[in-house]
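Enquirer: Take this structure, written in structure tokens, and hold onto it; I'll ask about it next.
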Amino acid sequence: MEATGTDEVEKIKSKFMSAWHNMKYSWVLKTKTYFSRNSPVFLLGKCYHFKTDESGELSTDGSNFDKINTEISGNVEEFRKDFISRIWLTYREEFPQIKGSALTTDCGWGCTLRTGQMLLAQGLMLHFLGRAWVWPDALDIDSSDAESWTAHTVKKLTASFEASLTAEREPKILSNHHRRTLKRNWDESERRNEVYHRKIISWFGDSPLAAFGLHQLIEYGKKSGKIAGDWYGPAVVAHILRKAVEEARDPELQGVTVYVAQDCTVYSSDVIDRQCSFMDSGKADTKAVIILVPVRLGGERTNMDYLEFVKGILSLEYCVGIIGGKPKQSYYFAGFQDDSLIYMDPHYCQSFVDVSIKDFPLESFHCPSPKKMSFKKMDPSCTIGFYCRTVQDFEKASEEITKMLKSSSKEKYPLFTFVKGHSRDYDFASSPLHEENDLFSEDEKKRLKRFSTEEFVLL
């Protein structure tokens with residue numbers, strides 16, 4: 001009886017902690033975001049125009065569509081559909097315990113891992129679905145969700161707490177998406193896309209078996225001296241993502257590799273070697289590559305001279321976003337309007353979703369409302385990502401980005417560079433593609449340790 005009483009106390013304590021986390025992080029999604037009608041909006045390489053004869057601002061939650069003409073309304077809807085279709089990964093609670101700890105939530109410490117997951121998810125979406133794909137049910141997400149997160153949290157808390165006292169299972173607050181999906185008459189292409197949509201999300205599930213789930217990323221982070229509950233910087237996360245993709249065993253993932261730039265330098269031959277490495281099927285073929293470039297956009301504060309370059313990067317369709325944020329908070333940057341960056345925020349604590357079950361609910365993996373932040377508030381430490389399907393795509397991208405770097409750089413040296421040859425040609429230690437005994441080479445460990453001390457603390 002005593003043990004049972006202790007368990008009940010722990011459960012009630014857990015409910016109150018969950019409530020605190022939700023109240024603490026729910027405000028970030030409550031406020032509306034307004035966009036200028038007179039400036040184009042860029043989202044991962046796509047451009048949207050909301051221009052009208054009237055000046056002023058426009059909310060993208062659909063609340064004032066009746067005030068604008070049909071053409072602009074259509075553009076806003078297309079933007080909303082595109083934005084909502086991106087995969088949103090946030091704090092979660094009540095997931096399986098992380099190995100080596102008592103943690104069942106990443107609230108307060110996992111935001112950079114989540115933004116890294118979002119960047120990788122976008123790369124996989126480009127690989128399997130293409131940039132033109134949008135989720136058919138994107139606009140079915142209730143626009144009022146963006147305005148009522150706090151009310152939702154209070155209802156959820158009340159229902160959860162009552163359920164814990166009556167020994168009932170916590171009720172799930174879900175929408176009618178599952179029923180809508182059953183009613184939809186999918187054609188063959190839509191069915192195939194929906195399979196990949198769900199599969200990509202499942203790779204990021206919060207369980208020990210998910211290839212890119214929090215549990216696996218933390219295991220790889222241990223090799224660089226990180227443990228669950230630690231704060232992770234954008235550069236460390238870039239290396240963890242590379243290892244996670246290398247170690248993934250799903251046959252579908254054998255056609256993708258990740259390259260992390262060394263000291264702000266992308267060595268073209270190293271990238272091409274990765275793309276041309278033998279695939280597990282035994283056939284020589286090229287792999288798509290996701291290139292991650294950890295950079296600093298200034299000293300203690302972001303240098304505004306880099307604004308045009310960042311905007312240029314986010315204007316490219318093969319850009320998969322930026323792992324960054326502002327001091328003490330990590331965001332996934334995916335677009336911009338004027339001098340403001342558009343981002344998805346991981347700082348909202350949601351309930352664990354078991355992605356192993358058939359037709360698991362998708363709504364909590366798609367953000368109903370974009371957020372904006374002035375570029376000058378951005379922390380200088382970040383990781384930029386690109387996706388190249390073929391060697392030819394990589395060569396074209398390196399030329400295009402090099403021109404962009406030169407034209408936007410007011411300094412003598414660009415933010416990062418593409419150089420021909422291998423890193424070993426420049427007296428840098430080159431780590432093998434597959435290491436049997438250790439996930440990180442000694443050179444990588446030193447580099448990761450340096451990144452850990454240089455980067456800001458993320459909450």
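Chain labels follow the order of the structure tokens: the first chain is A, the next B, and so on; residue numbering restarts at 1 in every chain, and ligands are counted from 1 in their shown order.
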If you run DSSP on this backbone, which residues of segment 163-358 of chain A come out as strand (DSSP E), and could you give them as a ChimeraX atom specification?
Expert: /A:256-260,265-267,288-296,319-326,329-337,340-344,350-351
Enquirer: A:Ala210, A:Ile240, A:Leu139, A:Cys319: which is nearest Arg80 of chain A, counting only C-alpha atoms?
Expert: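 Between A:Ala210, A:Ile240, A:Leu139, A:Cys319, the residue approaching Arg80 of chain A most closely is A:Leu139.
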Enquirer: Using only C-alpha atoms for the distances, tell me which of A:Gly335, A:Pro414, A:Pro346, A:Gly421 is nearest to Lys46 of chain A.
Expert: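 Nearest to Lys46 of chain A: A:Gly335.
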Enquirer: Calculated over only C-alpha atoms, which of the candidates A:Phe42, A:Phe83, A:Tyr413, A:Tyr318 has the smallest distance to Leu124 of chain A?
Expert: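 So, comparing all the options, the nearest one is A:Tyr318.
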Enquirer: May I ask which of the residues A:Pro361, A:Gly130, A:Gly299, A:Gly325 is the closest one to Cys382 of chain A, counting only C-alpha atoms?
Expert: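 The closest residue to Cys382 of chain A is A:Gly325.
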Enquirer: Among segment 253-311 of chain A, which residues carry a DSSP assignment of alpha helix (DSSP H), reported as a VMD selection string?
Expert: chain A and resid 268 to 275 307 to 311
Enquirer: Would you work out the distance separating atom CA of Lys222 of chain A from atom CA of Leu113 of chain A, expressed in Å to one decimal?
Expert: 13.4 Å
Enquirer: Would you pick out the contacts of Thr105 of chain A at 10 Å or less, using only C-alpha atoms, so that residues sharing its chain but fewer than 3 positions from it are not included, and give the list as a PyMOL selection string?
Expert: chain A and resi 18+21+91-98+102+108-110+206+214+228-229+349-352
Enquirer: Nearest residue to Ser207 of chain A out of A:Thr90, A:Ser315, A:Ser356, A:Ser340, using only C-alpha atoms?
Expert: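 Closest to Ser207 of chain A, using only C-alpha atoms: A:Ser356.
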